[in-house]
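Asks: One file is attached below, run-v3.txt, containing compact mmCIF, C-alpha atoms.
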# COMPACT_ATOMS: atom_id res chain seq x y z
CA MET A 1 13.66 -11.31 -13.28
CA ILE A 2 12.47 -14.18 -15.46
CA GLU A 3 11.60 -17.34 -13.60
CA ASN A 4 10.74 -20.74 -15.05
CA GLN A 5 7.42 -22.38 -14.38
CA ASN A 6 6.92 -25.85 -15.83
CA VAL A 7 3.34 -26.75 -16.62
CA GLU A 8 2.39 -30.12 -18.05
CA PHE A 9 -0.16 -29.17 -20.65
CA LYS A 10 -1.91 -32.55 -20.70
CA LYS A 11 -2.86 -32.16 -17.03
CA ILE A 12 -4.14 -28.62 -17.18
CA TRP A 13 -7.02 -26.82 -18.82
CA LYS A 14 -6.51 -23.82 -21.07
CA ASP A 15 -8.44 -21.81 -18.49
CA GLU A 16 -5.86 -22.64 -15.84
CA TYR A 17 -2.76 -21.67 -17.77
CA LEU A 18 -4.43 -18.40 -18.80
CA LYS A 19 -4.90 -17.70 -15.08
CA TRP A 20 -1.18 -18.39 -14.63
CA ILE A 21 -0.33 -15.94 -17.40
CA CYS A 22 -2.52 -13.32 -15.71
CA GLY A 23 -0.81 -13.98 -12.37
CA MET A 24 2.64 -13.63 -13.92
CA ALA A 25 1.71 -10.36 -15.64
CA ASN A 26 0.59 -8.97 -12.26
CA SER A 27 3.70 -10.26 -10.47
CA ASN A 28 7.26 -10.47 -11.80
CA GLY A 29 6.62 -12.03 -15.18
CA GLY A 30 7.96 -15.48 -16.09
CA ILE A 31 7.87 -18.33 -18.58
CA ILE A 32 5.34 -21.13 -18.96
CA TYR A 33 6.50 -24.23 -20.84
CA ILE A 34 3.83 -26.32 -22.56
CA GLY A 35 5.17 -29.78 -23.35
CA LYS A 36 7.39 -30.21 -20.29
CA ASP A 37 6.60 -32.00 -17.08
CA ASP A 38 7.01 -30.63 -13.56
CA ASN A 39 10.66 -31.74 -13.53
CA GLY A 40 11.48 -29.80 -16.68
CA ILE A 41 11.74 -32.91 -18.85
CA THR A 42 10.48 -32.42 -22.41
CA ILE A 43 7.55 -34.71 -23.11
CA GLY A 44 6.36 -33.04 -26.31
CA ILE A 45 2.97 -31.79 -27.35
CA ASN A 46 0.55 -32.52 -30.18
CA ASP A 47 -0.81 -29.82 -32.51
CA ALA A 48 2.11 -27.52 -31.67
CA LEU A 49 1.81 -25.56 -34.93
CA LYS A 50 -1.87 -24.96 -34.32
CA LEU A 51 -1.28 -23.84 -30.73
CA ILE A 52 1.54 -21.47 -31.66
CA LYS A 53 -1.04 -19.47 -33.62
CA GLU A 54 -3.92 -19.92 -31.22
CA ILE A 55 -2.23 -19.07 -27.91
CA PRO A 56 -1.09 -15.47 -28.66
CA ASN A 57 -4.57 -14.56 -29.93
CA LYS A 58 -6.20 -16.16 -26.90
CA ILE A 59 -3.96 -14.19 -24.52
CA LYS A 60 -4.57 -10.94 -26.37
CA ASP A 61 -8.35 -11.45 -26.61
CA THR A 62 -8.86 -12.42 -22.95
CA MET A 63 -6.36 -10.11 -21.21
CA GLY A 64 -5.36 -7.47 -23.73
CA ILE A 65 -1.65 -8.21 -23.36
CA ILE A 66 1.06 -9.46 -25.69
CA ALA A 67 3.11 -12.53 -24.78
CA ASP A 68 6.18 -13.83 -26.58
CA VAL A 69 5.18 -17.32 -27.72
CA LYS A 70 7.86 -19.52 -29.32
CA LEU A 71 7.94 -23.05 -30.64
CA GLU A 72 11.08 -24.90 -29.54
CA GLN A 73 12.45 -28.41 -29.84
CA LYS A 74 14.57 -30.75 -27.78
CA ASP A 75 15.34 -34.40 -28.52
CA ASN A 76 13.05 -34.19 -31.55
CA LEU A 77 10.14 -33.24 -29.30
CA SER A 78 8.29 -29.95 -29.70
CA PHE A 79 7.34 -27.70 -26.79
CA ILE A 80 6.08 -24.13 -26.47
CA ALA A 81 7.61 -21.38 -24.33
CA ILE A 82 5.32 -18.49 -23.33
CA LYS A 83 7.27 -15.54 -21.97
CA VAL A 84 5.14 -13.12 -19.95
CA ASP A 85 6.40 -9.67 -19.00
CA LYS A 86 5.56 -7.86 -15.77
CA TYR A 87 2.89 -5.27 -16.56
CA PRO A 88 2.75 -1.83 -14.91
CA ILE A 89 -1.06 -1.88 -14.84
CA PRO A 90 -3.42 -4.44 -13.27
CA ILE A 91 -4.30 -7.30 -15.65
CA SER A 92 -7.54 -9.28 -15.32
CA TYR A 93 -8.75 -12.53 -16.79
CA GLN A 94 -12.52 -12.90 -17.16
CA GLY A 95 -12.99 -10.02 -14.72
CA LYS A 96 -10.78 -11.54 -12.01
CA PHE A 97 -7.26 -10.69 -10.91
CA TYR A 98 -4.56 -13.23 -10.14
CA MET A 99 -1.12 -13.03 -8.54
CA ARG A 100 1.76 -15.46 -8.60
CA SER A 101 3.46 -16.11 -5.27
CA GLY A 102 6.33 -18.58 -5.46
CA SER A 103 4.99 -21.71 -7.13
CA ASN A 104 1.37 -20.79 -6.42
CA ASN A 105 -1.14 -18.74 -8.35
CA HIS A 106 -4.15 -17.29 -6.55
CA GLU A 107 -7.05 -14.92 -7.11
CA VAL A 108 -6.75 -11.63 -5.26
CA THR A 109 -9.75 -9.88 -3.74
CA GLY A 110 -10.60 -7.32 -1.09
CA VAL A 111 -7.81 -5.41 0.62
CA GLU A 112 -5.09 -7.30 -1.25
CA LEU A 113 -6.65 -6.32 -4.58
CA ASP A 114 -6.98 -2.68 -3.48
CA LYS A 115 -3.29 -2.62 -2.57
CA ILE A 116 -2.25 -4.15 -5.89
CA MET A 117 -4.41 -1.72 -7.85
CA LEU A 118 -2.90 1.26 -6.03
CA ASN A 119 0.67 0.01 -6.40
CA LYS A 120 0.21 -0.69 -10.10
CA LEU A 121 -1.16 2.80 -10.61
CA GLY A 122 1.76 4.34 -8.72
CA LYS A 123 -0.36 5.35 -5.73
CA THR A 124 -0.19 4.67 -2.04
CA TRP A 125 -3.14 4.15 0.27
CA ASP A 126 -2.89 7.60 1.84
CA SER A 127 -2.88 9.29 -1.59
CA THR A 128 -6.32 7.87 -2.41
CA PRO A 129 -8.84 10.66 -3.17
CA VAL A 130 -11.86 11.14 -0.91
CA PRO A 131 -15.06 12.57 -2.46
CA ASN A 132 -17.46 14.97 -0.75
CA VAL A 133 -14.85 16.56 1.54
CA THR A 134 -13.74 20.15 0.96
CA ILE A 135 -11.12 22.44 2.43
CA ASP A 136 -13.89 24.06 4.52
CA ASP A 137 -14.50 20.72 6.29
CA LEU A 138 -10.97 20.65 7.70
CA ASP A 139 -9.89 21.95 11.11
CA LYS A 140 -8.34 25.37 10.44
CA SER A 141 -6.56 25.36 13.80
CA ALA A 142 -4.79 22.13 12.84
CA ILE A 143 -3.61 23.70 9.58
CA ASP A 144 -2.40 26.80 11.46
CA ILE A 145 -0.40 24.66 13.89
CA PHE A 146 1.09 22.74 10.97
CA LYS A 147 2.23 26.02 9.40
CA LYS A 148 3.93 27.14 12.63
CA LEU A 149 5.64 23.79 13.15
CA ALA A 150 6.74 23.56 9.50
CA VAL A 151 8.44 26.96 9.70
CA LYS A 152 9.87 26.32 13.17
CA ASN A 153 11.43 23.03 12.02
CA LYS A 154 12.56 24.62 8.74
CA ARG A 155 10.49 22.22 6.64
CA LEU A 156 8.84 25.16 4.92
CA SER A 157 9.62 28.86 4.67
CA GLU A 158 7.44 31.78 5.73
CA LYS A 159 6.77 32.37 2.04
CA ASP A 160 5.62 28.76 1.59
CA VAL A 161 2.97 29.00 4.29
CA ASP A 162 1.85 32.55 3.49
CA VAL A 163 -0.84 31.26 1.12
CA ASP A 164 -4.46 30.24 1.48
CA ASN A 165 -5.09 26.80 2.93
CA LYS A 166 -6.24 25.25 -0.35
CA THR A 167 -3.08 26.36 -2.14
CA LEU A 168 -0.95 25.07 0.75
CA LEU A 169 -2.51 21.61 0.58
CA GLU A 170 -2.18 21.56 -3.21
CA ASN A 171 1.52 22.42 -2.87
CA LEU A 172 1.87 19.60 -0.32
CA GLN A 173 0.30 17.21 -2.88
CA LEU A 174 -2.63 16.53 -0.58
CA TYR A 175 -5.06 16.88 -3.48
CA ASP A 176 -5.75 14.35 -6.23
CA GLY A 177 -7.38 16.44 -8.92
CA GLU A 178 -10.29 18.18 -7.22
CA TYR A 179 -10.42 15.76 -4.28
CA LEU A 180 -8.60 15.85 -0.97
CA THR A 181 -6.63 12.70 -0.16
CA ILE A 182 -6.83 10.37 2.83
CA ALA A 183 -3.57 11.93 4.08
CA ALA A 184 -5.23 15.35 4.18
CA ILE A 185 -8.22 13.91 6.06
CA LEU A 186 -5.99 12.16 8.60
CA LEU A 187 -3.87 15.21 9.22
CA PHE A 188 -6.44 17.97 9.34
CA HIS A 189 -10.02 16.71 9.71
CA ASP A 190 -11.50 16.93 13.20
CA ASN A 191 -13.01 13.44 12.81
CA PRO A 192 -10.73 11.32 10.59
CA GLU A 193 -12.25 8.15 12.06
CA LYS A 194 -15.27 8.73 9.83
CA TRP A 195 -13.06 7.61 6.93
CA VAL A 196 -10.25 5.67 8.61
CA THR A 197 -11.25 3.39 11.46
CA GLY A 198 -8.85 3.45 14.38
CA SER A 199 -7.16 6.74 13.47
CA TYR A 200 -6.72 7.77 17.08
CA ILE A 201 -4.17 7.17 19.81
CA LYS A 202 -4.64 5.04 22.93
CA ILE A 203 -2.33 5.38 25.91
CA GLY A 204 -2.38 2.99 28.84
CA PHE A 205 -0.63 2.65 32.17
CA PHE A 206 0.11 -0.96 33.17
CA GLY A 207 0.96 -2.35 36.57
CA ASP A 208 2.74 -5.61 37.26
CA ASN A 209 1.98 -7.29 33.92
CA ASP A 210 0.33 -6.78 30.52
CA ALA A 211 -3.08 -7.72 31.91
CA ASP A 212 -2.87 -5.16 34.71
CA LEU A 213 -4.17 -2.05 32.94
CA ARG A 214 -4.58 0.62 35.63
CA TYR A 215 -5.94 3.44 33.46
CA GLN A 216 -5.96 4.62 29.86
CA ASP A 217 -6.78 7.58 27.63
CA GLU A 218 -7.78 8.10 24.02
CA ILE A 219 -6.76 11.06 21.88
CA HIS A 220 -8.97 11.87 18.91
CA GLY A 221 -9.03 14.55 16.23
CA PRO A 222 -6.59 15.61 13.49
CA LEU A 223 -3.32 13.69 13.68
CA ILE A 224 -1.33 16.92 13.68
CA LEU A 225 -3.11 17.86 16.94
CA GLN A 226 -2.95 14.33 18.34
CA ALA A 227 0.84 14.54 18.13
CA GLU A 228 0.79 17.70 20.22
CA LYS A 229 -1.72 16.40 22.76
CA ILE A 230 0.00 13.08 23.35
CA VAL A 231 3.21 14.71 24.56
CA ASP A 232 1.35 16.94 27.01
CA LEU A 233 -0.72 14.04 28.31
CA ILE A 234 2.31 11.79 28.80
CA TYR A 235 4.02 14.39 30.99
CA GLN A 236 0.89 15.38 32.85
CA LYS A 237 -0.31 11.89 33.71
CA TYR A 238 2.01 9.05 32.73
CA LEU A 239 5.62 9.96 33.52
CA LYS A 240 6.91 10.24 37.06
CA ALA A 241 9.17 13.14 37.91
CA LEU A 242 11.78 13.82 40.55
CA ILE A 243 10.53 16.83 42.46
CA SER A 244 12.83 19.43 43.96
CA TYR A 245 12.47 23.05 45.00
CA GLN A 246 14.45 26.17 44.33
CA ASP A 247 13.30 28.71 46.89
CA LEU A 248 9.52 28.55 46.52
CA LYS A 249 9.62 27.26 42.93
CA ARG A 250 8.87 23.59 42.28
CA ILE A 251 11.13 21.84 39.74
CA ASP A 252 10.08 18.62 38.01
CA GLU A 253 12.87 16.55 36.51
CA TYR A 254 11.73 13.85 34.10
CA MET A 255 13.69 10.86 32.82
CA PHE A 256 13.22 12.10 29.24
CA PRO A 257 13.40 15.78 28.24
CA LYS A 258 10.09 16.93 26.79
CA GLU A 259 11.80 18.37 23.72
CA ARG A 260 13.25 14.94 22.86
CA ILE A 261 9.88 13.20 23.17
Using structure tokens, write down the structure that the file contains.
Replies:
Amino acid sequence: MIENQNVEFKKIWKDEYLKWICGMANSNGGIIYIGKDDNGITIGINDALKLIKEIPNKIKDTMGIIADVKLEQKDNLSFIAIKVDKYPIPISYQGKFYMRSGSNNHEVTGVELDKIMLNKLGKTWDSTPVPNVTIDDLDKSAIDIFKKLAVKNKRLSEKDVDVDNKTLLENLQLYDGEYLTIAAILLFHDNPEKWVTGSYIKIGFFGDNDADLRYQDEIHGPLILQAEKIVDLIYQKYLKALISYQDLKRIDEYMFPKERI
């Protein structure tokens, strides 16, 4: 979608509008008008013919992108329209990345920049490759349980899982080239917290209010095993059951069937 952004050229440095162009290329694209005020009224611009040649080269040289730059007129006043397309790859200006958000343009750094880079490259966070981890570092019991559950739930066939573990993970797209991904580490490594802080489950039992924590447990290890352990722990320690007897056999009736949990 093309949106209009009016920029009064006399009040703004060239450096600033190049940052705007960078932000638009990294966002949804848009149009910058040079020679209009913030209300969209044409005020004209000097040296328009010179700028119409200078601006495209400046954009190309500083960012490596092509913008559609046109000279237009209204009420005998000249103004320039710079149409910027949304780019599928991250665009930088002088080594920095900018994003447009509404009527604001801001530099992106840290986690926000990582997210943008991944999205632009068609990747998600959990598909990021992790160096120095091999298939031998993973918990083989976790992979075996995954195979059994996948067949039981008809996600995979017996033929699909009757392969070596490396081939299985490759078929599940848990490799990026020669590297395992974060998803593979989370699912099958016995200590995923080494790479992803907080990748464990905490369970607590509260009393009368949120501040009344009576007791709690933490479940660590591969996520595929955490999912199994959490159900057992909930029924062993956290859910109350109605107890009855049939002859000498004790019967526990829970509010929620274990299979549904």
Asks: Would you work out the distance separating atom CA of Ser27 of chain A from atom CA of Asn104 of chain A, expressed in Å to one decimal?
Replies: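 Distance reported for this atom pair: 11.5 Å.
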Asks: Calculate how many Å separate atom CA of Val84 of chain A from atom CA of Glu107 of chain A, rounding to one decimal.
Replies: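 Result for atom CA of Val84 of chain A versus atom CA of Glu107 of chain A: 17.8 Å, one decimal.
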Asks: Excluding Ala241 of chain A and any residue of its chain fewer than 3 positions from it, enumerate the residues within 12 Å of it, using only C-alpha atoms, and give them as a VMD selection string.
Replies: chain A and resid 234 to 238 244 250 to 258
Asks: Take atom CA of Ala183 of chain A and atom CA of Thr128 of chain A and report the distance between them in Å, one decimal.
Replies: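 One can read the atom CA of Ala183 of chain A to atom CA of Thr128 of chain A distance as 8.1 Å.
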Asks: Centre and edge lengths of an axis-aligned box around all listed atoms of segment 25-40 of chain A, with 6 Å added on each side, are to be given in Å to one decimal, as AutoDock Vina command-line options.
Replies:
--center_x 6.0 --center_y -20.5 --center_z -16.9 --size_x 22.9 --size_y 35.0 --size_z 24.9
Asks: Could you give me, as a ChimeraX atom specification, the residues that have an atom at most 7 Å away from the point (-11.6, -11.8, -9.5) in the coordinates of the file, using only C-alpha atoms?
Replies: /A:95-97,107-109
Asks: Just C-alpha atoms for this one: save the residues we selected as a PDB file, in the coordinates of the input.
Replies:
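Saved file again.pdb follows:
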ATOM      1  CA  GLY A  95     -12.990 -10.020 -14.720  1.00  0.00           C
ATOM      2  CA  LYS A  96     -10.780 -11.540 -12.010  1.00  0.00           C
ATOM      3  CA  PHE A  97      -7.260 -10.690 -10.910  1.00  0.00           C
ATOM      4  CA  GLU A 107      -7.050 -14.920  -7.110  1.00  0.00           C
ATOM      5  CA  VAL A 108      -6.750 -11.630  -5.260  1.00  0.00           C
ATOM      6  CA  THR A 109      -9.750  -9.880  -3.740  1.00  0.00           C
TER       7      THR A 109
END
Asks: In terms of the shortest atom-to-atom distance over all atoms listed in the file, which of A:Ile230, A:Ile145, A:Leu156, A:Leu225 is closest to Ile203 of chain A?
Replies: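 Using all atoms listed in the file, the shortest distance to Ile203 of chain A belongs to A:Ile230.
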Asks: Identify which of the residues A:Asp139, A:Asp61, A:Asp114, A:Asp126 lies closest to Tyr175 of chain A, counting only C-alpha atoms when measuring atom-to-atom distances.
Replies: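 Checking each of A:Asp139, A:Asp61, A:Asp114, A:Asp126 against Tyr175 of chain A, counting only C-alpha atoms, the winner is A:Asp126.
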Asks: Give me, as a list in words, all polymer residues having an atom no more than 7 Å from His189 of chain A, counting only C-alpha atoms and skipping those fewer than 6 positions away in the same chain.
Replies: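 After dropping sequence-adjacent residues, the list is Asp137, Leu138, Asp139, Gly221 and Pro222 of chain A.
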Asks: Counting only C-alpha atoms, which of A:Lys70, A:Lys159, A:Lys115, A:Arg214 gets nearest to Lys147 of chain A?
Replies: A:Lys159
Asks: If you count only C-alpha atoms, which residues fall within 9 Å of Tyr98 of chain A, apart from same-chain ones fewer than 5 positions away, as a list in words?
Replies: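 Contacts, with the query itself left out: Lys19, Trp20, Ile21, Cys22, Gly23, Met24, Ala25, Asn26, Ser27, Ile91, Ser92, Tyr93, Asn105, His106, Glu107, Val108 and Thr109 of chain A.
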Asks: Show me, as a list of chain:residue names, the residues that have an atom within 12 Å of Phe205 of chain A when counting only C-alpha atoms, minus same-chain residues fewer than 3 positions from it.
Replies: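 Surrounding residues, per the criterion: A:Lys202, A:Asp208, A:Asn209, A:Asp210, A:Ala211, A:Asp212, A:Leu213, A:Arg214, A:Tyr215, A:Gln216, A:Asp217, A:Ile234, A:Lys237, A:Tyr238, A:Leu239, A:Lys240.
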Asks: Excluding same-chain residues fewer than 6 positions from Asp162 of chain A, what lies within 12 Å of it counting all atoms listed in the file, as an MDAnalysis selection string?
Replies: chainID A and resid 144 147:148 150:151 156 168 171
Asks: Rebuild segment 103-133 of chain A so that it carries N, CA and C atoms, then output the result as an mmCIF file, keeping the file's coordinate frame.
Replies:
data_model
loop_
_atom_site.group_PDB
_atom_site.id
_atom_site.type_symbol
_atom_site.label_atom_id
_atom_site.label_comp_id
_atom_site.auth_asym_id
_atom_site.auth_seq_id
_atom_site.Cartn_x
_atom_site.Cartn_y
_atom_site.Cartn_z
ATOM 1 N N SER A 103 5.486 -20.730 -6.160
ATOM 2 C CA SER A 103 4.990 -21.710 -7.130
ATOM 3 C C SER A 103 3.462 -21.755 -7.151
ATOM 4 N N ASN A 104 2.827 -20.799 -6.484
ATOM 5 C CA ASN A 104 1.370 -20.790 -6.420
ATOM 6 C C ASN A 104 0.794 -19.605 -7.194
ATOM 7 N N ASN A 105 -0.416 -19.786 -7.658
ATOM 8 C CA ASN A 105 -1.140 -18.740 -8.350
ATOM 9 C C ASN A 105 -2.506 -18.616 -7.684
ATOM 10 N N HIS A 106 -2.897 -17.407 -7.266
ATOM 11 C CA HIS A 106 -4.150 -17.290 -6.550
ATOM 12 C C HIS A 106 -4.903 -16.026 -6.960
ATOM 13 N N GLU A 107 -6.224 -16.085 -6.825
ATOM 14 C CA GLU A 107 -7.050 -14.920 -7.110
ATOM 15 C C GLU A 107 -6.941 -13.931 -5.952
ATOM 16 N N VAL A 108 -6.848 -12.663 -6.292
ATOM 17 C CA VAL A 108 -6.750 -11.630 -5.260
ATOM 18 C C VAL A 108 -8.063 -10.869 -5.186
ATOM 19 N N THR A 109 -8.508 -10.608 -3.967
ATOM 20 C CA THR A 109 -9.750 -9.880 -3.740
ATOM 21 C C THR A 109 -9.571 -8.952 -2.547
ATOM 22 N N GLY A 110 -10.558 -8.148 -2.290
ATOM 23 C CA GLY A 110 -10.600 -7.320 -1.090
ATOM 24 C C GLY A 110 -9.429 -6.379 -0.932
ATOM 25 N N VAL A 111 -8.890 -6.343 0.284
ATOM 26 C CA VAL A 111 -7.810 -5.410 0.620
ATOM 27 C C VAL A 111 -6.571 -5.676 -0.221
ATOM 28 N N GLU A 112 -6.261 -6.961 -0.450
ATOM 29 C CA GLU A 112 -5.090 -7.300 -1.250
ATOM 30 C C GLU A 112 -5.218 -6.747 -2.665
ATOM 31 N N LEU A 113 -6.420 -6.838 -3.235
ATOM 32 C CA LEU A 113 -6.650 -6.320 -4.580
ATOM 33 C C LEU A 113 -6.530 -4.797 -4.598
ATOM 34 N N ASP A 114 -7.090 -4.144 -3.569
ATOM 35 C CA ASP A 114 -6.980 -2.680 -3.480
ATOM 36 C C ASP A 114 -5.518 -2.249 -3.465
ATOM 37 N N LYS A 115 -4.711 -2.952 -2.687
ATOM 38 C CA LYS A 115 -3.290 -2.620 -2.570
ATOM 39 C C LYS A 115 -2.575 -2.787 -3.895
ATOM 40 N N ILE A 116 -2.886 -3.898 -4.591
ATOM 41 C CA ILE A 116 -2.250 -4.150 -5.890
ATOM 42 C C ILE A 116 -2.644 -3.085 -6.889
ATOM 43 N N MET A 117 -3.921 -2.734 -6.908
ATOM 44 C CA MET A 117 -4.410 -1.720 -7.850
ATOM 45 C C MET A 117 -3.700 -0.388 -7.616
ATOM 46 N N LEU A 118 -3.556 -0.014 -6.356
ATOM 47 C CA LEU A 118 -2.900 1.260 -6.030
ATOM 48 C C LEU A 118 -1.425 1.223 -6.418
ATOM 49 N N ASN A 119 -0.758 0.115 -6.078
ATOM 50 C CA ASN A 119 0.670 0.010 -6.400
ATOM 51 C C ASN A 119 0.904 0.032 -7.904
ATOM 52 N N LYS A 120 0.053 -0.659 -8.647
ATOM 53 C CA LYS A 120 0.210 -0.690 -10.100
ATOM 54 C C LYS A 120 0.002 0.688 -10.706
ATOM 55 N N LEU A 121 -0.868 1.473 -10.095
ATOM 56 C CA LEU A 121 -1.160 2.800 -10.610
ATOM 57 C C LEU A 121 -0.214 3.855 -10.036
ATOM 58 N N GLY A 122 0.784 3.408 -9.279
ATOM 59 C CA GLY A 122 1.760 4.340 -8.720
ATOM 60 C C GLY A 122 1.232 5.147 -7.554
ATOM 61 N N LYS A 123 0.221 4.630 -6.855
ATOM 62 C CA LYS A 123 -0.360 5.350 -5.730
ATOM 63 C C LYS A 123 -0.129 4.579 -4.436
ATOM 64 N N THR A 124 -0.202 5.294 -3.348
ATOM 65 C CA THR A 124 -0.190 4.670 -2.040
ATOM 66 C C THR A 124 -1.561 4.858 -1.409
ATOM 67 N N TRP A 125 -1.817 4.100 -0.358
ATOM 68 C CA TRP A 125 -3.140 4.150 0.270
ATOM 69 C C TRP A 125 -3.499 5.565 0.710
ATOM 70 N N ASP A 126 -2.558 6.270 1.306
ATOM 71 C CA ASP A 126 -2.890 7.600 1.840
ATOM 72 C C ASP A 126 -3.035 8.666 0.755
ATOM 73 N N SER A 127 -2.687 8.328 -0.497
ATOM 74 C CA SER A 127 -2.880 9.290 -1.590
ATOM 75 C C SER A 127 -4.194 9.064 -2.317
ATOM 76 N N THR A 128 -5.028 8.146 -1.801
ATOM 77 C CA THR A 128 -6.320 7.870 -2.410
ATOM 78 C C THR A 128 -7.260 9.059 -2.235
ATOM 79 N N PRO A 129 -7.927 9.513 -3.294
ATOM 80 C CA PRO A 129 -8.840 10.660 -3.170
ATOM 81 C C PRO A 129 -10.100 10.314 -2.401
ATOM 82 N N VAL A 130 -10.646 11.311 -1.699
ATOM 83 C CA VAL A 130 -11.860 11.140 -0.910
ATOM 84 C C VAL A 130 -12.912 12.130 -1.431
ATOM 85 N N PRO A 131 -14.029 11.653 -1.964
ATOM 86 C CA PRO A 131 -15.060 12.570 -2.460
ATOM 87 C C PRO A 131 -15.856 13.206 -1.337
ATOM 88 N N ASN A 132 -16.513 14.298 -1.656
ATOM 89 C CA ASN A 132 -17.460 14.970 -0.750
ATOM 90 C C ASN A 132 -16.815 15.551 0.507
ATOM 91 N N VAL A 133 -15.533 15.854 0.445
ATOM 92 C CA VAL A 133 -14.850 16.560 1.540
ATOM 93 C C VAL A 133 -14.138 17.762 0.924
#
